[in-house]
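Source file input.pdb; content: PDB, C-alpha atoms and all ligand atoms.
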```
ATOM      1  CA  MET A   1       0.000   0.000   0.000  1.00  0.00           C
ATOM      2  CA  ALA A   2       2.733   2.398   1.060  1.00  0.00           C
ATOM      3  CA  LEU A   3       4.673   1.427  -2.027  1.00  0.00           C
ATOM      4  CA  ARG A   4       1.707   2.168  -4.261  1.00  0.00           C
ATOM      5  CA  GLY A   5       1.262   5.581  -2.701  1.00  0.00           C
ATOM      6  CA  PHE A   6       4.898   6.206  -3.323  1.00  0.00           C
ATOM      7  CA  ALA A   7       4.549   5.250  -6.965  1.00  0.00           C
ATOM      8  CA  LEU A   8       1.603   7.614  -7.346  1.00  0.00           C
ATOM      9  CA  VAL A   9       3.571  10.480  -5.848  1.00  0.00           C
ATOM     10  CA  GLY A  10       6.377   9.597  -8.228  1.00  0.00           C
ATOM     11  CA  LEU A  11       3.993   9.654 -11.176  1.00  0.00           C
ATOM     12  CA  ALA A  12       2.542  12.989 -10.131  1.00  0.00           C
ATOM     13  CA  LEU A  13       6.028  14.397  -9.769  1.00  0.00           C
ATOM     14  CA  PHE A  14       7.014  13.047 -13.156  1.00  0.00           C
ATOM     15  CA  ALA A  15       3.887  14.521 -14.744  1.00  0.00           C
ATOM     16  CA  SER A  16       4.601  17.901 -13.208  1.00  0.00           C
ATOM     17  CA  LEU A  17       8.127  17.763 -14.588  1.00  0.00           C
ATOM     18  CA  VAL A  18       6.979  16.780 -18.061  1.00  0.00           C
ATOM     19  CA  SER A  19       3.985  19.034 -18.526  1.00  0.00           C
ATOM     20  CA  PRO A  20       5.718  22.444 -18.629  1.00  0.00           C
ATOM     21  CA  THR A  21       7.514  21.543 -21.874  1.00  0.00           C
ATOM     22  CA  GLN A  22       4.312  20.255 -23.434  1.00  0.00           C
ATOM     23  CA  ALA A  23       2.449  23.353 -22.369  1.00  0.00           C
ATOM     24  CA  GLN A  24       4.819  25.427 -24.436  1.00  0.00           C
ATOM     25  CA  GLU A  25       3.838  23.595 -27.599  1.00  0.00           C
ATOM     26  CA  LEU A  26       0.120  23.230 -27.062  1.00  0.00           C
ATOM     27  CA  SER A  27      -2.019  24.840 -24.443  1.00  0.00           C
ATOM     28  CA  SER A  28      -4.776  22.519 -23.309  1.00  0.00           C
ATOM     29  CA  ASP A  29      -7.063  25.545 -23.070  1.00  0.00           C
ATOM     30  CA  GLN A  30      -6.577  26.117 -26.762  1.00  0.00           C
ATOM     31  CA  VAL A  31      -7.256  22.469 -27.557  1.00  0.00           C
ATOM     32  CA  ALA A  32     -10.479  22.533 -25.543  1.00  0.00           C
ATOM     33  CA  ALA A  33     -11.562  25.811 -27.110  1.00  0.00           C
ATOM     34  CA  GLY A  34     -10.765  24.427 -30.552  1.00  0.00           C
ATOM     35  CA  ARG A  35     -12.855  21.334 -29.916  1.00  0.00           C
ATOM     36  CA  LYS A  36     -15.803  23.365 -28.700  1.00  0.00           C
ATOM     37  CA  PHE A  37     -15.567  25.791 -31.582  1.00  0.00           C
ATOM     38  CA  ALA A  38     -15.260  22.952 -34.097  1.00  0.00           C
ATOM     39  CA  GLN A  39     -18.341  21.256 -32.689  1.00  0.00           C
ATOM     40  CA  MET A  40     -20.322  24.441 -33.197  1.00  0.00           C
ATOM     41  CA  VAL A  41     -18.943  25.564 -36.553  1.00  0.00           C
ATOM     42  CA  CYS A  42     -17.633  22.483 -38.326  1.00  0.00           C
ATOM     43  CA  GLY A  43     -19.932  19.916 -36.735  1.00  0.00           C
ATOM     44  CA  ALA A  44     -22.678  20.475 -39.291  1.00  0.00           C
ATOM     45  CA  CYS A  45     -20.594  18.480 -41.773  1.00  0.00           C
ATOM     46  CA  HIS A  46     -17.780  16.764 -39.870  1.00  0.00           C
ATOM     47  CA  VAL A  47     -17.802  14.374 -36.938  1.00  0.00           C
ATOM     48  CA  VAL A  48     -15.577  16.408 -34.629  1.00  0.00           C
ATOM     49  CA  THR A  49     -15.086  14.195 -31.584  1.00  0.00           C
ATOM     50  CA  SER A  50     -15.389  10.428 -31.402  1.00  0.00           C
ATOM     51  CA  ARG A  51     -18.592  10.468 -29.407  1.00  0.00           C
ATOM     52  CA  PRO A  52     -20.658   7.573 -30.743  1.00  0.00           C
ATOM     53  CA  ASP A  53     -23.887   9.575 -30.727  1.00  0.00           C
ATOM     54  CA  GLU A  54     -22.419  12.355 -32.821  1.00  0.00           C
ATOM     55  CA  SER A  55     -23.739  12.633 -36.331  1.00  0.00           C
ATOM     56  CA  PRO A  56     -23.447  15.698 -38.541  1.00  0.00           C
ATOM     57  CA  LEU A  57     -26.535  17.479 -39.719  1.00  0.00           C
ATOM     58  CA  LEU A  58     -25.664  17.594 -43.394  1.00  0.00           C
ATOM     59  CA  ARG A  59     -25.553  14.602 -45.732  1.00  0.00           C
ATOM     60  CA  PRO A  60     -23.406  13.022 -46.865  1.00  0.00           C
ATOM     61  CA  PRO A  61     -21.188  13.752 -43.866  1.00  0.00           C
ATOM     62  CA  ALA A  62     -17.660  15.022 -44.540  1.00  0.00           C
ATOM     63  CA  PRO A  63     -14.808  12.879 -43.193  1.00  0.00           C
ATOM     64  CA  SER A  64     -14.448  12.883 -39.410  1.00  0.00           C
ATOM     65  CA  PHE A  65     -11.742  15.031 -37.857  1.00  0.00           C
ATOM     66  CA  ALA A  66     -10.140  11.891 -36.405  1.00  0.00           C
ATOM     67  CA  VAL A  67      -9.719  10.563 -39.947  1.00  0.00           C
ATOM     68  CA  LEU A  68      -8.592  13.899 -41.394  1.00  0.00           C
ATOM     69  CA  ALA A  69      -6.064  14.429 -38.603  1.00  0.00           C
ATOM     70  CA  GLN A  70      -4.336  11.150 -39.474  1.00  0.00           C
ATOM     71  CA  ARG A  71      -3.871  12.069 -43.133  1.00  0.00           C
ATOM     72  CA  PRO A  72      -0.144  12.580 -43.717  1.00  0.00           C
ATOM     73  CA  SER A  73      -1.022  15.520 -45.966  1.00  0.00           C
ATOM     74  CA  LEU A  74      -2.614  17.341 -43.059  1.00  0.00           C
ATOM     75  CA  THR A  75       0.058  19.387 -41.361  1.00  0.00           C
ATOM     76  CA  GLU A  76      -0.094  22.475 -39.207  1.00  0.00           C
ATOM     77  CA  LYS A  77       0.879  24.500 -42.282  1.00  0.00           C
ATOM     78  CA  SER A  78      -1.656  22.950 -44.659  1.00  0.00           C
ATOM     79  CA  LEU A  79      -4.409  23.353 -42.098  1.00  0.00           C
ATOM     80  CA  ARG A  80      -3.572  27.011 -41.535  1.00  0.00           C
ATOM     81  CA  GLU A  81      -3.636  27.613 -45.268  1.00  0.00           C
ATOM     82  CA  LEU A  82      -6.931  25.814 -45.649  1.00  0.00           C
ATOM     83  CA  LEU A  83      -8.568  27.689 -42.805  1.00  0.00           C
ATOM     84  CA  SER A  84      -7.293  31.120 -43.764  1.00  0.00           C
ATOM     85  CA  SER A  85      -8.200  31.099 -47.439  1.00  0.00           C
ATOM     86  CA  ASN A  86     -11.174  30.467 -49.610  1.00  0.00           C
ATOM     87  CA  HIS A  87     -11.543  26.754 -50.217  1.00  0.00           C
ATOM     88  CA  ARG A  88     -14.855  26.451 -51.924  1.00  0.00           C
ATOM     89  CA  ASN A  89     -13.376  23.928 -54.293  1.00  0.00           C
ATOM     90  CA  LEU A  90     -12.766  21.319 -51.608  1.00  0.00           C
ATOM     91  CA  GLY A  91     -14.279  17.889 -51.842  1.00  0.00           C
ATOM     92  CA  PRO A  92     -16.255  16.120 -54.526  1.00  0.00           C
ATOM     93  CA  ALA A  93     -19.198  18.501 -54.493  1.00  0.00           C
ATOM     94  CA  GLU A  94     -17.120  21.560 -53.577  1.00  0.00           C
ATOM     95  CA  ALA A  95     -19.065  21.292 -50.389  1.00  0.00           C
ATOM     96  CA  MET A  96     -16.798  22.962 -47.897  1.00  0.00           C
ATOM     97  CA  PRO A  97     -17.380  26.709 -47.664  1.00  0.00           C
ATOM     98  CA  ASN A  98     -14.819  29.305 -46.669  1.00  0.00           C
ATOM     99  CA  PRO A  99     -15.160  29.260 -42.878  1.00  0.00           C
ATOM    100  CA  ARG A 100     -14.095  32.943 -42.580  1.00  0.00           C
ATOM    101  CA  LEU A 101     -12.241  32.555 -39.332  1.00  0.00           C
ATOM    102  CA  VAL A 102     -10.146  35.017 -37.381  1.00  0.00           C
ATOM    103  CA  ASP A 103      -6.609  34.238 -36.214  1.00  0.00           C
ATOM    104  CA  TYR A 104      -7.343  33.058 -32.688  1.00  0.00           C
ATOM    105  CA  GLN A 105     -10.015  30.679 -33.972  1.00  0.00           C
ATOM    106  CA  ILE A 106      -7.541  29.237 -36.459  1.00  0.00           C
ATOM    107  CA  ASP A 107      -4.968  28.823 -33.667  1.00  0.00           C
ATOM    108  CA  GLU A 108      -7.495  26.941 -31.563  1.00  0.00           C
ATOM    109  CA  LEU A 109      -8.574  24.666 -34.406  1.00  0.00           C
ATOM    110  CA  VAL A 110      -4.959  23.930 -35.310  1.00  0.00           C
ATOM    111  CA  ALA A 111      -4.236  23.106 -31.643  1.00  0.00           C
ATOM    112  CA  TYR A 112      -7.195  20.731 -31.577  1.00  0.00           C
ATOM    113  CA  PHE A 113      -6.157  18.999 -34.810  1.00  0.00           C
ATOM    114  CA  MET A 114      -2.578  18.599 -33.621  1.00  0.00           C
ATOM    115  CA  ALA A 115      -3.872  17.040 -30.396  1.00  0.00           C
ATOM    116  CA  LEU A 116      -5.976  14.614 -32.473  1.00  0.00           C
ATOM    117  CA  LYS A 117      -2.970  13.760 -34.602  1.00  0.00           C
ATOM    118  CA  ALA A 118      -0.884  13.081 -31.508  1.00  0.00           C
ATOM    119  CA  ALA A 119      -3.646  11.069 -29.846  1.00  0.00           C
ATOM    120  CA  LYS A 120      -3.347   8.163 -32.250  1.00  0.00           C
TER
HETATM  121  C1  LIG A 201     -20.683  22.730 -45.249  1.00  0.00           C
HETATM  122  C2  LIG A 201     -19.957  21.570 -44.820  1.00  0.00           C
HETATM  123  C3  LIG A 201     -18.613  21.755 -44.162  1.00  0.00           C
HETATM  124  C4  LIG A 201     -18.303  22.567 -43.106  1.00  0.00           C
HETATM  125  C5  LIG A 201     -19.203  23.514 -42.317  1.00  0.00           C
HETATM  126  C6  LIG A 201     -16.896  22.338 -42.812  1.00  0.00           C
HETATM  127  N1  LIG A 201     -16.391  21.422 -43.691  1.00  0.00           N
HETATM  128 FE1  LIG A 201     -14.445  20.753 -43.748  1.00  0.00          FE
HETATM  129  N2  LIG A 201     -14.866  19.640 -45.403  1.00  0.00           N
HETATM  130  C7  LIG A 201     -16.119  19.506 -45.985  1.00  0.00           C
HETATM  131  C8  LIG A 201     -15.985  18.643 -47.150  1.00  0.00           C
HETATM  132  C9  LIG A 201     -17.121  18.208 -48.050  1.00  0.00           C
HETATM  133  C10 LIG A 201     -14.617  18.301 -47.247  1.00  0.00           C
HETATM  134  C11 LIG A 201     -13.942  17.475 -48.324  1.00  0.00           C
HETATM  135  C12 LIG A 201     -13.774  16.080 -47.909  1.00  0.00           C
HETATM  136  C13 LIG A 201     -12.905  15.298 -48.848  1.00  0.00           C
HETATM  137  O1  LIG A 201     -11.697  15.596 -48.955  1.00  0.00           O
HETATM  138  O2  LIG A 201     -13.424  14.377 -49.451  1.00  0.00           O
HETATM  139  C14 LIG A 201     -13.951  18.931 -46.125  1.00  0.00           C
HETATM  140  C15 LIG A 201     -12.601  18.803 -45.860  1.00  0.00           C
HETATM  141  C16 LIG A 201     -11.965  19.310 -44.773  1.00  0.00           C
HETATM  142  C17 LIG A 201     -10.573  19.095 -44.447  1.00  0.00           C
HETATM  143  C18 LIG A 201      -9.583  18.266 -45.258  1.00  0.00           C
HETATM  144  C19 LIG A 201      -8.863  19.144 -46.224  1.00  0.00           C
HETATM  145  C20 LIG A 201      -7.927  18.358 -47.096  1.00  0.00           C
HETATM  146  O3  LIG A 201      -6.915  18.939 -47.453  1.00  0.00           O
HETATM  147  O4  LIG A 201      -8.206  17.212 -47.409  1.00  0.00           O
HETATM  148  C21 LIG A 201     -10.326  19.729 -43.261  1.00  0.00           C
HETATM  149  C22 LIG A 201      -8.997  19.795 -42.515  1.00  0.00           C
HETATM  150  C23 LIG A 201     -11.555  20.369 -42.874  1.00  0.00           C
HETATM  151  N3  LIG A 201     -12.534  20.088 -43.788  1.00  0.00           N
HETATM  152  C24 LIG A 201     -11.687  21.118 -41.726  1.00  0.00           C
HETATM  153  C25 LIG A 201     -12.837  21.837 -41.410  1.00  0.00           C
HETATM  154  C26 LIG A 201     -12.934  22.739 -40.286  1.00  0.00           C
HETATM  155  C27 LIG A 201     -11.821  23.007 -39.284  1.00  0.00           C
HETATM  156  C28 LIG A 201     -14.194  23.258 -40.311  1.00  0.00           C
HETATM  157  C29 LIG A 201     -14.800  24.289 -39.369  1.00  0.00           C
HETATM  158  C30 LIG A 201     -14.145  25.557 -39.325  1.00  0.00           C
HETATM  159  C31 LIG A 201     -14.883  22.681 -41.446  1.00  0.00           C
HETATM  160  N4  LIG A 201     -14.031  21.818 -42.080  1.00  0.00           N
HETATM  161  C32 LIG A 201     -16.198  22.969 -41.808  1.00  0.00           C
HETATM  162  C33 LIG A 201     -17.289  20.083 -45.543  1.00  0.00           C
HETATM  163  C34 LIG A 201     -17.401  21.025 -44.524  1.00  0.00           C
END
```
What would you get if you wrote out this structure as structure tokens?
Amino acid sequence: MALRGFALVGLALFASLVSPTQAQELSSDQVAAGRKFAQMVCGACHVVTSRPDESPLLRPPAPSFAVLAQRPSLTEKSLRELLSSNHRNLGPAEAMPNPRLVDYQIDELVAYFMALKAAK
């Protein structure tokens, strides 16, 4: 029992040592904000999280973010370009409109996508 408690303290210590470096790359606030924003704005077409009850409003649904995030072609740079320019010509039916986002929204979405990519 005492040993287990010790291991837990060790883990907590380790986590506190590791997290500051990660925080520099990706703030978890940004990831959470990106997820929330994506659910509101992108969720009409894309499955944003992997909640089993989630189903986009529009048909046919666009690929889920989990699938898109694993595409090798999706990088931080490509995503920024996509989200900051007019991409009406995306997809088979040119179905994805220009989302007209401002910088902080793009930052949050990029943070969320990078977290999805890393979560594999
Ligand atoms: C009106 C429907 C619609 C909305 C809203 C929408 N998308 Fe899309 N999105 C699509 C379609 C359709 C595709 C094309 C899928 C394909 O490649 O076959 C797509 C593709 C993408 C891709 C892949 C691009 C690539 O290079 O393959 C990304 C990333 C993406 N969307 C992100 C977003 C984000 C982030 C939002 C919210 C800001 C969003 N989408 C909102 C319909 C939509």
Would you please work out which residue, of A:Gln70, A:Ser55, A:Ser78, A:Ser85, is nearest to ligand LIG 201 (chain A) when using only C-alpha atoms and all ligand atoms?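 Counting only C-alpha atoms and all ligand atoms, the residue closest to ligand LIG 201 (chain A) is A:Ser78.
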Any idea what's packed within 6 Å of Ala69 of chain A, counting all atoms listed in the file, ignoring anything in its chain fewer than 2 positions away? Could you give it as a PyMOL selection string? chain A and resi 65-67+71+113+117
Keeping C-alpha atoms for every residue in the selection just given, could you write it to a file as a short mmCIF file (atom, residue, chain, number, x, y, z; two decimals), in the coordinates of the input?
```cif
data_model
loop_
_atom_site.label_atom_id
_atom_site.label_comp_id
_atom_site.auth_asym_id
_atom_site.auth_seq_id
_atom_site.Cartn_x
_atom_site.Cartn_y
_atom_site.Cartn_z
CA PHE A 65 -11.74 15.03 -37.86
CA ALA A 66 -10.14 11.89 -36.40
CA VAL A 67 -9.72 10.56 -39.95
CA ARG A 71 -3.87 12.07 -43.13
CA PHE A 113 -6.16 19.00 -34.81
CA LYS A 117 -2.97 13.76 -34.60
#
```
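The coordinates place atom CA of Ala38 of chain A at 15.0 Å from atom CA of Ser84 of chain A.
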Expected residue set, 12 Å radius at (-18.0, 24.1, -33.4), all atoms listed in the file, as a ChimeraX atom specification: /A:32-49,56,65,99,101,105,108-109,112
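If you measure from each of A:Asn98, A:Gln30, A:Ser50, A:Ser64 to Met114 of chain A using only C-alpha atoms, the closest one turns out to be A:Gln30.
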Which is closest to ligand LIG 201 (chain A) among A:Arg59, A:Leu68, A:Asp107, A:Glu81, if we use all atoms listed in the file?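 Distance minimum relative to ligand LIG 201 (chain A) lands on A:Leu68.
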Tell me which of A:Ala111, A:Ala62, A:Leu116, A:Val102 sits closest to ligand LIG 201 (chain A), counting only C-alpha atoms and all ligand atoms.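 Of all the options, A:Ala62 lies closest to ligand LIG 201 (chain A).
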Could you check how far atom CA of Pro72 of chain A sits from atom CA of Asp29 of chain A, in Å to one decimal?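 Computed distance, atom CA of Pro72 of chain A to atom CA of Asp29 of chain A, equals 25.3 Å.
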I'd like the box whose edges run along x, y and z of the file and which contains every listed atom of ligand LIG 201 (chain A), padded by 5 Å per side; could you state its centre and edge lengths in Å, one decimal, as AutoDock Vina command-line options?
```
--center_x -13.8 --center_y 20.0 --center_z -44.4 --size_x 23.8 --size_y 21.2 --size_z 20.2
```
Atom C1 of ligand LIG 201 (chain A) and atom CA of Ser28 of chain A are how many Å apart?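 Distance between the two atoms: 27.1 Å.
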Counting only C-alpha atoms and all ligand atoms, the residue of A:Leu57, A:Leu79, A:Val31, A:Ala115 that sits nearest ligand LIG 201 (chain A): A:Leu79
Given the choices A:Asp103, A:Ser27, A:Leu74, A:Glu54, which gets closest to ligand LIG 201 (chain A) if the distance is worked out from only C-alpha atoms and all ligand atoms?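 The shortest atom-to-atom distance to ligand LIG 201 (chain A) comes from A:Leu74.
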Please extract segment 25-63 of chain A and write it out with N, CA and C atoms, as a PDB file, in the first residue's frame.
```
ATOM      1  N   GLU A  25       4.229  23.902 -26.227  1.00  0.00           N
ATOM      2  CA  GLU A  25       3.838  23.595 -27.599  1.00  0.00           C
ATOM      3  C   GLU A  25       2.330  23.769 -27.800  1.00  0.00           C
ATOM      4  N   LEU A  26       1.566  23.246 -26.896  1.00  0.00           N
ATOM      5  CA  LEU A  26       0.120  23.230 -27.062  1.00  0.00           C
ATOM      6  C   LEU A  26      -0.537  23.539 -25.739  1.00  0.00           C
ATOM      7  N   SER A  27      -1.328  24.592 -25.689  1.00  0.00           N
ATOM      8  CA  SER A  27      -2.019  24.840 -24.443  1.00  0.00           C
ATOM      9  C   SER A  27      -3.309  24.045 -24.446  1.00  0.00           C
ATOM     10  N   SER A  28      -3.585  23.366 -23.343  1.00  0.00           N
ATOM     11  CA  SER A  28      -4.776  22.519 -23.309  1.00  0.00           C
ATOM     12  C   SER A  28      -6.045  23.376 -23.367  1.00  0.00           C
ATOM     13  N   ASP A  29      -5.928  24.628 -22.930  1.00  0.00           N
ATOM     14  CA  ASP A  29      -7.063  25.545 -23.070  1.00  0.00           C
ATOM     15  C   ASP A  29      -7.413  25.745 -24.533  1.00  0.00           C
ATOM     16  N   GLN A  30      -6.371  25.905 -25.326  1.00  0.00           N
ATOM     17  CA  GLN A  30      -6.577  26.117 -26.762  1.00  0.00           C
ATOM     18  C   GLN A  30      -7.201  24.882 -27.406  1.00  0.00           C
ATOM     19  N   VAL A  31      -6.717  23.710 -26.998  1.00  0.00           N
ATOM     20  CA  VAL A  31      -7.256  22.469 -27.557  1.00  0.00           C
ATOM     21  C   VAL A  31      -8.744  22.362 -27.214  1.00  0.00           C
ATOM     22  N   ALA A  32      -9.081  22.629 -25.966  1.00  0.00           N
ATOM     23  CA  ALA A  32     -10.479  22.533 -25.543  1.00  0.00           C
ATOM     24  C   ALA A  32     -11.345  23.567 -26.260  1.00  0.00           C
ATOM     25  N   ALA A  33     -10.814  24.765 -26.408  1.00  0.00           N
ATOM     26  CA  ALA A  33     -11.562  25.811 -27.110  1.00  0.00           C
ATOM     27  C   ALA A  33     -11.738  25.431 -28.578  1.00  0.00           C
ATOM     28  N   GLY A  34     -10.694  24.848 -29.163  1.00  0.00           N
ATOM     29  CA  GLY A  34     -10.765  24.427 -30.552  1.00  0.00           C
ATOM     30  C   GLY A  34     -11.809  23.350 -30.756  1.00  0.00           C
ATOM     31  N   ARG A  35     -11.876  22.415 -29.813  1.00  0.00           N
ATOM     32  CA  ARG A  35     -12.855  21.334 -29.916  1.00  0.00           C
ATOM     33  C   ARG A  35     -14.272  21.897 -29.825  1.00  0.00           C
ATOM     34  N   LYS A  36     -14.477  22.790 -28.891  1.00  0.00           N
ATOM     35  CA  LYS A  36     -15.803  23.365 -28.700  1.00  0.00           C
ATOM     36  C   LYS A  36     -16.225  24.170 -29.936  1.00  0.00           C
ATOM     37  N   PHE A  37     -15.292  24.968 -30.404  1.00  0.00           N
ATOM     38  CA  PHE A  37     -15.567  25.791 -31.582  1.00  0.00           C
ATOM     39  C   PHE A  37     -15.866  24.905 -32.794  1.00  0.00           C
ATOM     40  N   ALA A  38     -15.065  23.854 -32.958  1.00  0.00           N
ATOM     41  CA  ALA A  38     -15.260  22.952 -34.097  1.00  0.00           C
ATOM     42  C   ALA A  38     -16.629  22.269 -34.023  1.00  0.00           C
ATOM     43  N   GLN A  39     -17.035  21.911 -32.822  1.00  0.00           N
ATOM     44  CA  GLN A  39     -18.341  21.256 -32.689  1.00  0.00           C
ATOM     45  C   GLN A  39     -19.458  22.195 -33.138  1.00  0.00           C
ATOM     46  N   MET A  40     -19.284  23.478 -32.825  1.00  0.00           N
ATOM     47  CA  MET A  40     -20.322  24.441 -33.197  1.00  0.00           C
ATOM     48  C   MET A  40     -20.283  24.769 -34.683  1.00  0.00           C
ATOM     49  N   VAL A  41     -19.075  25.010 -35.205  1.00  0.00           N
ATOM     50  CA  VAL A  41     -18.943  25.564 -36.553  1.00  0.00           C
ATOM     51  C   VAL A  41     -18.726  24.500 -37.624  1.00  0.00           C
ATOM     52  N   CYS A  42     -17.977  23.485 -37.315  1.00  0.00           N
ATOM     53  CA  CYS A  42     -17.633  22.483 -38.326  1.00  0.00           C
ATOM     54  C   CYS A  42     -18.514  21.251 -38.199  1.00  0.00           C
ATOM     55  N   GLY A  43     -19.175  21.123 -37.057  1.00  0.00           N
ATOM     56  CA  GLY A  43     -19.932  19.916 -36.735  1.00  0.00           C
ATOM     57  C   GLY A  43     -21.154  19.678 -37.602  1.00  0.00           C
ATOM     58  N   ALA A  44     -21.545  20.693 -38.391  1.00  0.00           N
ATOM     59  CA  ALA A  44     -22.678  20.475 -39.291  1.00  0.00           C
ATOM     60  C   ALA A  44     -22.301  19.456 -40.362  1.00  0.00           C
ATOM     61  N   CYS A  45     -21.035  19.381 -40.700  1.00  0.00           N
ATOM     62  CA  CYS A  45     -20.594  18.480 -41.773  1.00  0.00           C
ATOM     63  C   CYS A  45     -19.643  17.391 -41.300  1.00  0.00           C
ATOM     64  N   HIS A  46     -18.807  17.707 -40.321  1.00  0.00           N
ATOM     65  CA  HIS A  46     -17.780  16.764 -39.870  1.00  0.00           C
ATOM     66  C   HIS A  46     -18.147  16.186 -38.510  1.00  0.00           C
ATOM     67  N   VAL A  47     -17.803  14.906 -38.292  1.00  0.00           N
ATOM     68  CA  VAL A  47     -17.802  14.374 -36.938  1.00  0.00           C
ATOM     69  C   VAL A  47     -16.544  14.909 -36.278  1.00  0.00           C
ATOM     70  N   VAL A  48     -16.702  15.682 -35.220  1.00  0.00           N
ATOM     71  CA  VAL A  48     -15.577  16.408 -34.629  1.00  0.00           C
ATOM     72  C   VAL A  48     -14.892  15.587 -33.538  1.00  0.00           C
ATOM     73  N   THR A  49     -15.661  15.043 -32.632  1.00  0.00           N
ATOM     74  CA  THR A  49     -15.086  14.195 -31.584  1.00  0.00           C
ATOM     75  C   THR A  49     -15.438  12.747 -31.926  1.00  0.00           C
ATOM     76  N   SER A  50     -15.048  11.820 -31.083  1.00  0.00           N
ATOM     77  CA  SER A  50     -15.389  10.428 -31.402  1.00  0.00           C
ATOM     78  C   SER A  50     -16.554   9.945 -30.551  1.00  0.00           C
ATOM     79  N   ARG A  51     -17.404  10.886 -30.155  1.00  0.00           N
ATOM     80  CA  ARG A  51     -18.592  10.468 -29.407  1.00  0.00           C
ATOM     81  C   ARG A  51     -19.485   9.642 -30.321  1.00  0.00           C
ATOM     82  N   PRO A  52     -19.910   8.463 -29.860  1.00  0.00           N
ATOM     83  CA  PRO A  52     -20.658   7.573 -30.743  1.00  0.00           C
ATOM     84  C   PRO A  52     -22.010   8.145 -31.172  1.00  0.00           C
ATOM     85  N   ASP A  53     -22.568   9.046 -30.382  1.00  0.00           N
ATOM     86  CA  ASP A  53     -23.887   9.575 -30.727  1.00  0.00           C
ATOM     87  C   ASP A  53     -23.790  10.783 -31.659  1.00  0.00           C
ATOM     88  N   GLU A  54     -22.577  11.150 -32.020  1.00  0.00           N
ATOM     89  CA  GLU A  54     -22.419  12.355 -32.821  1.00  0.00           C
ATOM     90  C   GLU A  54     -22.643  12.055 -34.294  1.00  0.00           C
ATOM     91  N   SER A  55     -23.493  12.826 -34.909  1.00  0.00           N
ATOM     92  CA  SER A  55     -23.739  12.633 -36.331  1.00  0.00           C
ATOM     93  C   SER A  55     -24.021  13.993 -36.951  1.00  0.00           C
ATOM     94  N   PRO A  56     -23.262  14.367 -37.970  1.00  0.00           N
ATOM     95  CA  PRO A  56     -23.447  15.698 -38.541  1.00  0.00           C
ATOM     96  C   PRO A  56     -24.822  15.877 -39.161  1.00  0.00           C
ATOM     97  N   LEU A  57     -25.231  17.119 -39.201  1.00  0.00           N
ATOM     98  CA  LEU A  57     -26.535  17.479 -39.719  1.00  0.00           C
ATOM     99  C   LEU A  57     -26.637  17.227 -41.221  1.00  0.00           C
ATOM    100  N   LEU A  58     -25.611  17.631 -41.940  1.00  0.00           N
ATOM    101  CA  LEU A  58     -25.664  17.594 -43.394  1.00  0.00           C
ATOM    102  C   LEU A  58     -25.243  16.242 -43.950  1.00  0.00           C
ATOM    103  N   ARG A  59     -25.831  15.880 -45.070  1.00  0.00           N
ATOM    104  CA  ARG A  59     -25.553  14.602 -45.732  1.00  0.00           C
ATOM    105  C   ARG A  59     -25.027  14.856 -47.129  1.00  0.00           C
ATOM    106  N   PRO A  60     -24.119  14.029 -47.650  1.00  0.00           N
ATOM    107  CA  PRO A  60     -23.406  13.022 -46.865  1.00  0.00           C
ATOM    108  C   PRO A  60     -22.423  13.710 -45.936  1.00  0.00           C
ATOM    109  N   PRO A  61     -22.111  13.101 -44.782  1.00  0.00           N
ATOM    110  CA  PRO A  61     -21.188  13.752 -43.866  1.00  0.00           C
ATOM    111  C   PRO A  61     -19.784  13.837 -44.456  1.00  0.00           C
ATOM    112  N   ALA A  62     -19.068  14.905 -44.151  1.00  0.00           N
ATOM    113  CA  ALA A  62     -17.660  15.022 -44.540  1.00  0.00           C
ATOM    114  C   ALA A  62     -16.854  14.078 -43.650  1.00  0.00           C
ATOM    115  N   PRO A  63     -15.620  13.791 -44.027  1.00  0.00           N
ATOM    116  CA  PRO A  63     -14.808  12.879 -43.193  1.00  0.00           C
ATOM    117  C   PRO A  63     -14.669  13.401 -41.766  1.00  0.00           C
TER     118      PRO A  63
END
```
